[in-house]
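structure24.txt, holding compact mmCIF, C-alpha atoms (C1' of nucleotides):
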```txt
# COMPACT_ATOMS: atom_id res chain seq x y z
CA MET J 1 89.85 97.35 133.33
CA LEU J 2 90.54 101.07 133.60
CA ASP J 3 90.65 100.62 137.35
CA ARG J 4 93.23 97.89 137.01
CA PHE J 5 95.31 100.18 134.85
CA GLU J 6 95.02 102.93 137.39
CA LYS J 7 96.11 100.56 140.11
CA PHE J 8 99.11 99.54 138.03
CA LEU J 9 100.05 103.15 137.43
CA ASN J 10 99.62 104.20 141.03
CA GLU J 11 101.74 101.34 142.24
CA ARG J 12 104.66 102.85 140.42
CA GLY J 13 103.94 106.49 141.05
CA LEU J 14 102.44 107.14 137.63
CA ARG J 15 99.21 108.93 136.83
CA LEU J 16 96.07 108.06 134.99
CA THR J 17 95.81 111.26 133.00
CA THR J 18 92.95 112.41 130.83
CA GLN J 19 94.89 111.42 127.75
CA ARG J 20 95.67 107.96 129.03
CA GLN J 21 92.06 107.45 129.98
CA LEU J 22 90.94 108.41 126.53
CA VAL J 23 93.48 106.17 124.83
CA VAL J 24 92.56 103.21 127.02
CA ARG J 25 88.83 103.76 126.62
CA THR J 26 89.12 103.99 122.87
CA PHE J 27 91.30 100.93 122.83
CA LEU J 28 88.86 98.89 124.86
CA ASP J 29 85.86 100.05 122.86
CA GLN J 30 87.24 98.53 119.71
CA GLU J 31 87.00 94.78 119.79
CA GLU J 32 89.45 94.53 116.93
CA HIS J 33 93.18 94.14 116.82
CA LEU J 34 94.26 97.73 116.34
CA SER J 35 97.60 99.01 115.21
CA ALA J 36 99.09 101.99 117.02
CA GLU J 37 98.24 104.15 114.04
CA GLU J 38 94.63 103.00 113.88
CA LEU J 39 94.20 103.69 117.55
CA TYR J 40 95.88 107.05 117.18
CA LEU J 41 93.45 108.02 114.43
CA LEU J 42 90.46 106.97 116.50
CA VAL J 43 91.71 108.85 119.52
CA LYS J 44 92.45 111.88 117.42
CA LYS J 45 88.83 112.08 116.34
CA LYS J 46 87.81 112.65 119.92
CA ALA J 47 90.77 114.76 120.97
CA PRO J 48 92.78 116.11 118.04
CA GLU J 49 95.50 117.51 120.24
CA ILE J 50 96.67 114.11 121.42
CA GLY J 51 100.01 113.07 120.03
CA TYR J 52 101.16 109.89 118.39
CA THR J 53 103.74 109.54 121.12
CA THR J 54 101.20 109.43 123.87
CA VAL J 55 99.33 106.64 122.16
CA TYR J 56 102.50 104.62 121.82
CA ARG J 57 103.46 105.29 125.39
CA THR J 58 100.07 104.29 126.70
CA LEU J 59 100.05 101.08 124.71
CA LYS J 60 103.44 100.25 126.11
CA LEU J 61 102.20 100.83 129.63
CA LEU J 62 99.15 98.68 129.00
CA ALA J 63 101.39 95.91 127.78
CA GLU J 64 103.62 96.23 130.84
CA ALA J 65 100.52 96.08 133.00
CA ASP J 66 99.66 92.90 131.12
CA LEU J 67 96.34 94.44 130.15
CA ALA J 68 97.18 94.38 126.46
CA HIS J 69 99.35 92.28 124.23
CA ALA J 70 101.33 93.29 121.19
CA ARG J 71 100.99 90.89 118.28
CA ASN J 72 103.05 90.77 115.17
CA PHE J 73 101.30 89.33 112.21
CA GLN J 74 102.92 89.58 108.83
CA ASP J 75 102.33 93.19 107.92
CA GLY J 76 105.30 94.92 109.42
CA PHE J 77 103.71 96.64 112.37
CA ALA J 78 102.31 95.59 115.73
CA ARG J 79 98.66 95.12 116.53
CA PHE J 80 97.37 95.28 120.05
CA GLU J 81 94.69 93.26 121.72
CA PRO J 82 93.18 93.75 125.16
CA ALA J 83 94.02 90.94 127.55
CA HIS J 84 90.30 90.34 127.99
CA TYR J 85 88.66 86.96 128.47
CA MET J 86 90.44 83.93 127.01
CA GLY J 87 93.72 84.12 128.83
CA HIS J 88 95.60 82.59 125.97
CA HIS J 89 94.44 82.10 122.43
CA ASP J 90 95.63 81.67 118.89
CA HIS J 91 94.67 83.42 115.67
CA LEU J 92 93.13 82.78 112.29
CA ILE J 93 94.14 85.62 109.97
CA CYS J 94 92.36 86.12 106.67
CA ARG J 95 94.72 87.07 103.86
CA LYS J 96 91.92 88.65 101.88
CA CYS J 97 90.03 90.89 104.28
CA GLY J 98 92.55 90.93 107.09
CA SER J 99 90.04 89.79 109.70
CA ILE J 100 91.49 88.21 112.78
CA THR J 101 89.62 85.50 114.64
CA GLU J 102 90.68 84.14 117.98
CA PHE J 103 90.40 80.54 119.03
CA THR J 104 91.61 78.13 121.66
CA ASN J 105 92.21 74.45 121.32
CA GLU J 106 93.18 72.45 124.33
CA HIS J 107 94.29 69.57 122.19
CA ILE J 108 96.86 71.64 120.35
CA GLU J 109 98.20 73.01 123.60
CA VAL J 110 98.62 69.52 124.96
CA MET J 111 100.44 68.38 121.85
CA GLN J 112 102.77 71.34 122.14
CA GLU J 113 103.60 70.35 125.67
CA LYS J 114 104.32 66.87 124.44
CA VAL J 115 106.63 68.09 121.69
CA ALA J 116 108.39 70.37 124.13
CA ARG J 117 108.86 67.57 126.62
CA GLU J 118 110.39 65.38 123.95
CA HIS J 119 112.94 68.11 123.32
CA GLY J 120 113.63 68.76 127.00
CA PHE J 121 112.15 72.20 126.41
CA LYS J 122 110.28 74.19 129.05
CA ILE J 123 107.53 76.30 127.45
CA THR J 124 106.87 79.81 128.67
CA ASP J 125 104.53 80.88 125.88
CA HIS J 126 103.81 80.46 122.23
CA THR J 127 102.26 81.97 119.14
CA LEU J 128 100.15 80.06 116.66
CA ASP J 129 99.00 82.11 113.69
CA ILE J 130 97.02 80.40 110.98
CA TYR J 131 96.79 82.29 107.69
CA GLY J 132 94.28 81.64 104.96
CA VAL J 133 90.86 82.69 103.75
CA CYS J 134 87.96 83.23 106.10
CA ARG J 135 84.41 82.03 105.66
CA GLU J 136 83.20 85.38 104.37
CA CYS J 137 85.91 85.69 101.75
CA ARG J 138 85.85 82.21 100.27
CA MET M 1 120.76 74.32 95.70
CA LEU M 2 122.99 76.87 94.02
CA ASP M 3 122.02 75.32 90.70
CA ARG M 4 118.36 75.76 91.50
CA PHE M 5 119.01 79.38 92.30
CA GLU M 6 120.86 79.83 89.06
CA LYS M 7 117.97 78.27 87.18
CA PHE M 8 115.55 80.62 88.90
CA LEU M 9 117.69 83.63 88.01
CA ASN M 10 118.21 82.60 84.41
CA GLU M 11 114.51 82.06 83.92
CA ARG M 12 114.01 85.73 84.53
CA GLY M 13 117.06 87.07 82.79
CA LEU M 14 119.04 87.61 85.98
CA ARG M 15 122.59 86.58 86.69
CA LEU M 16 124.30 84.44 89.26
CA THR M 17 127.13 86.81 89.99
CA THR M 18 130.20 86.17 92.10
CA GLN M 19 128.66 88.15 94.92
CA ARG M 20 125.41 86.26 94.83
CA GLN M 21 127.24 82.97 94.80
CA LEU M 22 129.24 83.97 97.82
CA VAL M 23 126.17 85.14 99.72
CA VAL M 24 124.25 81.97 98.92
CA ARG M 25 127.17 79.69 99.76
CA THR M 26 127.74 81.41 103.06
CA PHE M 27 124.04 81.26 103.81
CA LEU M 28 123.83 77.54 103.10
CA ASP M 29 126.98 76.76 105.06
CA GLN M 30 125.44 78.04 108.24
CA GLU M 31 122.83 75.67 109.53
CA GLU M 32 121.46 78.36 111.78
CA HIS M 33 118.73 80.93 111.38
CA LEU M 34 120.74 83.95 110.36
CA SER M 35 119.65 87.54 110.32
CA ALA M 36 120.58 89.70 107.36
CA GLU M 37 123.19 91.40 109.47
CA GLU M 38 124.74 88.17 110.68
CA LEU M 39 124.97 86.90 107.14
CA TYR M 40 126.40 90.21 106.00
CA LEU M 41 129.14 89.99 108.61
CA LEU M 42 130.02 86.44 107.62
CA VAL M 43 130.12 87.33 103.96
CA LYS M 44 132.19 90.39 104.68
CA LYS M 45 134.87 88.24 106.27
CA LYS M 46 135.42 86.53 102.95
CA ALA M 47 134.86 89.53 100.71
CA PRO M 48 134.97 92.85 102.55
CA GLU M 49 133.89 94.83 99.54
CA ILE M 50 130.43 93.29 99.45
CA GLY M 51 127.69 95.66 100.50
CA TYR M 52 124.83 95.26 102.92
CA THR M 53 122.46 95.95 100.08
CA THR M 54 123.64 93.01 98.04
CA VAL M 55 123.07 90.65 100.94
CA TYR M 56 119.55 91.95 101.39
CA ARG M 57 118.85 91.73 97.71
CA THR M 58 120.16 88.21 97.46
CA LEU M 59 118.11 87.06 100.43
CA LYS M 60 115.06 88.57 98.82
CA LEU M 61 115.75 86.70 95.61
CA LEU M 62 116.27 83.46 97.50
CA ALA M 63 112.94 83.95 99.19
CA GLU M 64 111.24 84.64 95.87
CA ALA M 65 112.85 81.51 94.51
CA ASP M 66 111.37 79.72 97.51
CA LEU M 67 114.83 78.55 98.47
CA ALA M 68 114.79 80.49 101.73
CA HIS M 69 112.15 81.67 104.13
CA ALA M 70 112.07 84.81 106.20
CA ARG M 71 110.97 84.25 109.78
CA ASN M 72 110.01 86.84 112.31
CA PHE M 73 110.57 85.84 115.87
CA GLN M 74 110.23 88.38 118.60
CA ASP M 75 113.41 90.34 118.24
CA GLY M 76 112.48 92.97 115.70
CA PHE M 77 114.33 91.70 112.66
CA ALA M 78 113.97 88.85 110.22
CA ARG M 79 115.89 85.62 110.31
CA PHE M 80 116.30 83.47 107.26
CA GLU M 81 116.33 79.74 106.91
CA PRO M 82 117.15 77.67 103.87
CA ALA M 83 114.16 75.79 102.51
CA HIS M 84 116.05 72.55 102.99
CA TYR M 85 114.53 69.24 104.02
CA MET M 86 111.35 69.34 106.13
CA GLY M 87 109.05 71.24 103.84
CA HIS M 88 107.12 72.78 106.68
CA HIS M 89 108.08 72.91 110.30
CA ASP M 90 107.58 74.83 113.49
CA HIS M 91 110.03 76.29 115.98
CA LEU M 92 111.13 76.01 119.58
CA ILE M 93 112.94 79.22 120.51
CA CYS M 94 115.03 79.42 123.66
CA ARG M 95 114.63 82.71 125.48
CA LYS M 96 117.97 82.28 127.21
CA CYS M 97 120.46 81.30 124.54
CA GLY M 98 118.38 82.15 121.51
CA SER M 99 118.76 78.71 119.97
CA ILE M 100 116.12 77.75 117.46
CA THR M 101 115.05 74.15 117.04
CA GLU M 102 112.81 72.92 114.28
CA PHE M 103 110.15 70.29 114.67
CA THR M 104 107.15 68.85 112.93
CA ASN M 105 104.10 67.31 114.45
CA GLU M 106 101.49 65.79 112.24
CA HIS M 107 98.98 65.75 115.05
CA ILE M 108 99.12 69.49 115.57
CA GLU M 109 98.72 70.09 111.85
CA VAL M 110 95.64 67.90 111.79
CA MET M 111 94.13 69.70 114.75
CA GLN M 112 94.73 73.01 113.05
CA GLU M 113 92.87 71.79 110.01
CA LYS M 114 90.04 70.79 112.28
CA VAL M 115 89.88 74.17 113.97
CA ALA M 116 90.00 75.89 110.63
CA ARG M 117 87.22 73.73 109.26
CA GLU M 118 85.05 74.57 112.24
CA HIS M 119 85.50 78.23 111.42
CA GLY M 120 84.89 77.79 107.71
CA PHE M 121 88.49 78.87 107.24
CA LYS M 122 90.73 77.69 104.42
CA ILE M 123 94.36 77.45 105.56
CA THR M 124 97.17 78.54 103.29
CA ASP M 125 99.96 78.45 105.85
CA HIS M 126 100.76 78.98 109.48
CA THR M 127 103.40 79.79 112.03
CA LEU M 128 103.80 78.06 115.35
CA ASP M 129 106.54 79.44 117.54
CA ILE M 130 107.04 77.99 120.98
CA TYR M 131 109.12 80.09 123.35
CA GLY M 132 110.75 78.87 126.52
CA VAL M 133 113.97 77.41 127.83
CA CYS M 134 115.87 74.72 125.97
CA ARG M 135 117.39 71.59 127.43
CA GLU M 136 120.86 73.07 127.62
CA CYS M 137 119.75 76.20 129.45
CA ARG M 138 117.49 74.70 132.08
C1' DT R 1 97.98 128.61 149.16
C1' DC R 2 102.17 128.31 147.09
C1' DA R 3 106.87 126.54 145.81
C1' DG R 4 109.27 122.74 144.26
C1' DA R 5 109.58 118.20 142.56
C1' DA R 6 107.91 114.53 139.75
C1' DA R 7 105.53 112.99 135.88
C1' DA R 8 103.25 113.72 131.35
C1' DT R 9 102.73 115.78 127.02
C1' DG R 10 103.58 116.81 122.09
C1' DA R 11 106.71 118.01 118.50
C1' DA R 12 110.62 116.98 116.50
C1' DA R 13 114.68 114.33 116.14
C1' DA R 14 116.75 109.83 116.56
C1' DT R 15 116.79 104.78 115.80
C1' DC R 16 116.79 100.47 113.52
C1' DA R 17 115.76 97.25 109.98
C1' DT R 18 114.94 97.30 105.40
C1' DT R 19 114.31 99.33 100.73
C1' DT R 20 115.15 102.53 97.10
C1' DT R 21 117.88 105.60 94.34
C1' DC R 22 121.59 106.58 91.52
C1' DA R 23 125.97 106.80 89.45
C1' DT R 24 129.22 103.38 88.15
C1' DT R 25 130.78 98.83 86.86
C1' DT R 26 130.22 94.35 84.80
C1' DG R 27 128.40 91.00 81.67
C1' DT R 28 125.95 89.79 77.41
C1' DT R 29 124.64 90.24 72.71
C1' DC R 30 125.05 91.38 68.07
C1' DG K 1 133.99 96.28 70.27
C1' DA K 2 129.44 99.11 70.69
C1' DA K 3 125.08 99.12 72.83
C1' DC K 4 122.26 97.64 76.29
C1' DA K 5 120.72 95.16 80.37
C1' DA K 6 121.61 93.84 84.89
C1' DA K 7 124.34 94.22 89.28
C1' DT K 8 126.83 96.63 92.63
C1' DG K 9 127.76 99.63 96.62
C1' DA K 10 127.16 103.95 98.90
C1' DA K 11 124.15 106.94 100.41
C1' DA K 12 119.64 108.55 100.98
C1' DA K 13 114.86 107.29 101.89
C1' DT K 14 111.31 104.79 104.29
C1' DG K 15 108.24 103.34 107.94
C1' DA K 16 107.40 101.86 112.56
C1' DT K 17 108.68 102.91 116.97
C1' DT K 18 111.42 105.27 120.60
C1' DT K 19 113.87 109.01 122.62
C1' DT K 20 114.84 113.78 123.59
C1' DC K 21 113.63 118.05 125.22
C1' DA K 22 111.29 122.12 126.40
C1' DT K 23 106.94 123.03 128.35
C1' DT K 24 102.83 122.03 131.00
C1' DT K 25 100.30 119.61 134.49
C1' DT K 26 99.78 117.44 138.87
C1' DC K 27 100.90 116.32 143.48
C1' DT K 28 102.99 117.13 148.04
C1' DG K 29 104.45 119.27 151.89
C1' DA K 30 105.44 123.58 154.41
```
Any chance you could put this one into structure tokens?
Amino acid sequence: MLDRFEKFLNERGLRLTTQRQLVVRTFLDQEEHLSAEELYLLVKKKAPEIGYTTVYRTLKLLAEADLAHARNFQDGFARFEPAHYMGHHDHLICRKCGSITEFTNEHIEVMQEKVAREHGFKITDHTLDIYGVCRECR
Amino acid sequence: MLDRFEKFLNERGLRLTTQRQLVVRTFLDQEEHLSAEELYLLVKKKAPEIGYTTVYRTLKLLAEADLAHARNFQDGFARFEPAHYMGHHDHLICRKCGSITEFTNEHIEVMQEKVAREHGFKITDHTLDIYGVCRECR
DNA sequence: TCAGAAAATGAAAATCATTTTCATTTGTTC
DNA sequence: GAACAAATGAAAATGATTTTCATTTTCTGA
């Protein structure tokens, strides 16, 4: 994935710097949905001189490269997820522990298409966030 | 609906002031999903002395009273909708004109319950936002 | 190899939506 | 009408994110 990022950067005359590498590596290592701040803190552990700004900038680039997606759940800040496997997916968010679980359901997607069609609406994308209490917290 | 708001306020020793009435009336008149700023501007037309703060505070109270809901689409600020008819519903958001259409689909709800059950997850609520291009804009 | 240009960095300032503070006004109660 | 609670509006504060800017790093071509 780093190579894809490098390709993206090179294509527009940008550079894969040491800092960017570190941010991306740290980001990919975590399989969780990190906020910019969380990622910044993780990165800072390895390289204390790295600035908040660089983390933000790198996340933005990753999103532009379509290698990461910004998600807004209901806590007032963005969380980022790598555009790994599962092209598209939805989320189950636990209100107690904050855990975020991904899922896909073909059936729901089909029904959405149906609803959209009935409204003469052409879907480009969607967000389905289900809030509640996860197995562990019940 | 104003009477329900008044009841809510009275129950906790608060008052339905002239300003609050005006904000709520203006809010209910619009059948659209207004942002705080949009509502503020509308209110200001009728009573220029009303402050931004009062609009925010009133919206917050309405939300606490469960007479309005704050929604976060992807434009960085909240939009509010009256908790009118349709207890729960989802949204079709046009990326071109910004129009927001509400819909309900029992089938999708049922499938969500199914997915949740499979994950041992207990749903409290959810958000389904479908983005794309509406009939008028295609 | 070196000069010059382009891009990147980090700190600090700026932004934007929203909330809080605070002095003042208004409404309620006794 | 005095005393007190609640509401208001302006301005300041907040918190996430972005921009600015001076400095540093990297690349490119002579």
Pairwise distance for CA of Glu81 (chain M) and CA of His33 (chain M), rounded to one decimal in Å: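 Separating CA of Glu81 (chain M) from CA of His33 (chain M) is a distance of 5.2 Å.
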Nearest-residue call for Cys94 (chain J), choices J:Ala78, J:Val133, J:Leu128, J:Ile108, using all atoms listed in the file: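 Looking only at the distances to Cys94 (chain J), the closest residue turns out to be J:Val133.
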Distance in Å - CA of Arg135 (chain M) versus CA of His119 (chain J): 7.0 Å
For chain J against chain M, with a cut-off of 8 Å and counting only C-alpha atoms, what is the closest atom pair and its distance in Å to one decimal for every residue that makes the cut, ordered by chain and number, as CSV?
```
residue,atom,partner,partner_atom,distance
J:Leu92,CA,M:Ala116,CA,7.7
J:Asn105,CA,M:Val115,CA,7.7
J:His107,CA,M:Met111,CA,7.4
J:Ile108,CA,M:Ile108,CA,5.7
J:Met111,CA,M:Ile108,CA,6.5
J:Gln112,CA,M:Ile108,CA,7.7
J:Val115,CA,M:Asn105,CA,7.7
J:Ala116,CA,M:Leu92,CA,7.7
J:His119,CA,M:Arg135,CA,7.0
J:Gly120,CA,M:Arg135,CA,4.7
J:Phe121,CA,M:Cys134,CA,4.5
J:Lys122,CA,M:Val133,CA,5.0
J:Ile123,CA,M:Gly132,CA,4.2
J:Thr124,CA,M:Gly132,CA,4.5
J:Asp125,CA,M:Tyr131,CA,5.3
J:His126,CA,M:Ile130,CA,4.3
J:Thr127,CA,M:Asp129,CA,5.2
J:Leu128,CA,M:Leu128,CA,4.4
J:Asp129,CA,M:Thr127,CA,5.2
J:Ile130,CA,M:His126,CA,4.3
J:Tyr131,CA,M:Asp125,CA,5.3
J:Gly132,CA,M:Ile123,CA,4.2
J:Val133,CA,M:Lys122,CA,5.0
J:Cys134,CA,M:Phe121,CA,4.5
J:Arg135,CA,M:Gly120,CA,4.7
J:Arg138,CA,M:Lys122,CA,7.8
```
Report the closest atom pair, with its distance in Å rounded to one decimal, for each residue of chain J that has an atom no farther than 10 Å from chain R; count only C-alpha atoms (C1' of nucleotides), sort by chain and then rising residue number, and write it as CSV.
```
residue,atom,partner,partner_atom,distance
J:Gly13,CA,R:DA7,C1',8.5
J:Leu14,CA,R:DA7,C1',6.8
J:Arg15,CA,R:DA7,C1',7.6
J:Leu16,CA,R:DA8,C1',9.8
J:Thr17,CA,R:DA8,C1',8.0
J:Gln19,CA,R:DT9,C1',9.0
J:Arg20,CA,R:DA8,C1',9.8
J:Glu49,CA,R:DG10,C1',8.3
J:Ile50,CA,R:DG10,C1',7.4
J:Gly51,CA,R:DG10,C1',5.6
J:Tyr52,CA,R:DG10,C1',8.2
J:Thr53,CA,R:DG10,C1',7.3
J:Thr54,CA,R:DT9,C1',7.3
```
Residues of chain K within 10 Å of chain J, only C-alpha atoms (C1' of nucleotides) counted, as JSON, numbers by chain: {"K": [15, 16, 17, 18, 25, 26]}
Between CA of Glu64 (chain J) and CA of Ser99 (chain M), distance in Å (one decimal):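 Between these atoms lies a distance of 25.6 Å.
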Using all atoms of region 4-20 of chain R listed in the file and a margin of 8 Å per side, can you give the axis-aligned box centre and edge lengths in Å to one decimal, as lines of an AutoDock Vina configuration file?
```
center_x = 109.8
center_y = 110.0
center_z = 120.7
size_x = 30.1
size_y = 41.5
size_z = 63.2
```
Could you write region 116-138 of chain J of the block just shown to a file containing N, CA and C atoms, as a PDB file, in the first residue's frame?
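Printed below is out_34.pdb as written:
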```pdb
ATOM      1  N   ALA J 116     -33.758   4.110  -4.104  1.00  0.00           N
ATOM      2  CA  ALA J 116     -33.244   5.198  -4.928  1.00  0.00           C
ATOM      3  C   ALA J 116     -33.978   5.233  -6.264  1.00  0.00           C
ATOM      4  N   ARG J 117     -34.124   4.090  -6.870  1.00  0.00           N
ATOM      5  CA  ARG J 117     -34.785   4.019  -8.168  1.00  0.00           C
ATOM      6  C   ARG J 117     -36.202   4.581  -8.073  1.00  0.00           C
ATOM      7  N   GLU J 118     -36.881   4.220  -7.017  1.00  0.00           N
ATOM      8  CA  GLU J 118     -38.250   4.704  -6.828  1.00  0.00           C
ATOM      9  C   GLU J 118     -38.309   6.228  -6.724  1.00  0.00           C
ATOM     10  N   HIS J 119     -37.194   6.820  -6.298  1.00  0.00           N
ATOM     11  CA  HIS J 119     -37.174   8.277  -6.161  1.00  0.00           C
ATOM     12  C   HIS J 119     -36.471   8.946  -7.342  1.00  0.00           C
ATOM     13  N   GLY J 120     -36.152   8.162  -8.361  1.00  0.00           N
ATOM     14  CA  GLY J 120     -35.446   8.720  -9.513  1.00  0.00           C
ATOM     15  C   GLY J 120     -34.062   9.208  -9.135  1.00  0.00           C
ATOM     16  N   PHE J 121     -33.495   8.599  -8.108  1.00  0.00           N
ATOM     17  CA  PHE J 121     -32.229   9.057  -7.531  1.00  0.00           C
ATOM     18  C   PHE J 121     -31.085   8.144  -7.968  1.00  0.00           C
ATOM     19  N   LYS J 122     -29.981   8.752  -8.365  1.00  0.00           N
ATOM     20  CA  LYS J 122     -28.821   7.982  -8.814  1.00  0.00           C
ATOM     21  C   LYS J 122     -27.773   7.964  -7.699  1.00  0.00           C
ATOM     22  N   ILE J 123     -27.559   6.812  -7.091  1.00  0.00           N
ATOM     23  CA  ILE J 123     -26.638   6.722  -5.945  1.00  0.00           C
ATOM     24  C   ILE J 123     -25.174   6.831  -6.356  1.00  0.00           C
ATOM     25  N   THR J 124     -24.422   7.619  -5.621  1.00  0.00           N
ATOM     26  CA  THR J 124     -22.968   7.588  -5.815  1.00  0.00           C
ATOM     27  C   THR J 124     -22.324   6.836  -4.640  1.00  0.00           C
ATOM     28  N   ASP J 125     -22.831   7.050  -3.462  1.00  0.00           N
ATOM     29  CA  ASP J 125     -22.287   6.365  -2.295  1.00  0.00           C
ATOM     30  C   ASP J 125     -23.248   6.510  -1.127  1.00  0.00           C
ATOM     31  N   HIS J 126     -22.912   5.874  -0.042  1.00  0.00           N
ATOM     32  CA  HIS J 126     -23.793   5.999   1.115  1.00  0.00           C
ATOM     33  C   HIS J 126     -23.067   5.657   2.401  1.00  0.00           C
ATOM     34  N   THR J 127     -23.702   5.966   3.487  1.00  0.00           N
ATOM     35  CA  THR J 127     -23.153   5.701   4.815  1.00  0.00           C
ATOM     36  C   THR J 127     -24.244   5.074   5.657  1.00  0.00           C
ATOM     37  N   LEU J 128     -23.980   3.906   6.186  1.00  0.00           N
ATOM     38  CA  LEU J 128     -24.928   3.284   7.103  1.00  0.00           C
ATOM     39  C   LEU J 128     -24.200   3.019   8.411  1.00  0.00           C
ATOM     40  N   ASP J 129     -24.572   3.746   9.438  1.00  0.00           N
ATOM     41  CA  ASP J 129     -23.947   3.570  10.750  1.00  0.00           C
ATOM     42  C   ASP J 129     -25.002   3.089  11.723  1.00  0.00           C
ATOM     43  N   ILE J 130     -24.750   1.920  12.299  1.00  0.00           N
ATOM     44  CA  ILE J 130     -25.691   1.388  13.277  1.00  0.00           C
ATOM     45  C   ILE J 130     -25.091   1.538  14.664  1.00  0.00           C
ATOM     46  N   TYR J 131     -25.803   2.241  15.533  1.00  0.00           N
ATOM     47  CA  TYR J 131     -25.315   2.461  16.898  1.00  0.00           C
ATOM     48  C   TYR J 131     -26.042   1.538  17.862  1.00  0.00           C
ATOM     49  N   GLY J 132     -25.357   1.161  18.925  1.00  0.00           N
ATOM     50  CA  GLY J 132     -25.983   0.288  19.907  1.00  0.00           C
ATOM     51  C   GLY J 132     -24.952  -0.255  20.874  1.00  0.00           C
ATOM     52  N   VAL J 133     -25.177  -1.484  21.309  1.00  0.00           N
ATOM     53  CA  VAL J 133     -24.282  -2.092  22.291  1.00  0.00           C
ATOM     54  C   VAL J 133     -23.737  -3.403  21.727  1.00  0.00           C
ATOM     55  N   CYS J 134     -22.429  -3.526  21.743  1.00  0.00           N
ATOM     56  CA  CYS J 134     -21.811  -4.694  21.129  1.00  0.00           C
ATOM     57  C   CYS J 134     -21.887  -5.922  22.034  1.00  0.00           C
ATOM     58  N   ARG J 135     -21.565  -7.050  21.466  1.00  0.00           N
ATOM     59  CA  ARG J 135     -21.649  -8.317  22.180  1.00  0.00           C
ATOM     60  C   ARG J 135     -20.923  -8.252  23.514  1.00  0.00           C
ATOM     61  N   GLU J 136     -19.711  -7.722  23.492  1.00  0.00           N
ATOM     62  CA  GLU J 136     -18.888  -7.697  24.697  1.00  0.00           C
ATOM     63  C   GLU J 136     -19.480  -6.821  25.805  1.00  0.00           C
ATOM     64  N   CYS J 137     -20.202  -5.795  25.415  1.00  0.00           N
ATOM     65  CA  CYS J 137     -20.679  -4.841  26.414  1.00  0.00           C
ATOM     66  C   CYS J 137     -22.083  -5.131  26.932  1.00  0.00           C
ATOM     67  N   ARG J 138     -22.748  -6.096  26.350  1.00  0.00           N
ATOM     68  CA  ARG J 138     -24.155  -6.297  26.740  1.00  0.00           C
ATOM     69  C   ARG J 138     -24.288  -6.906  28.117  1.00  0.00           C
TER      70      ARG J 138
END
```
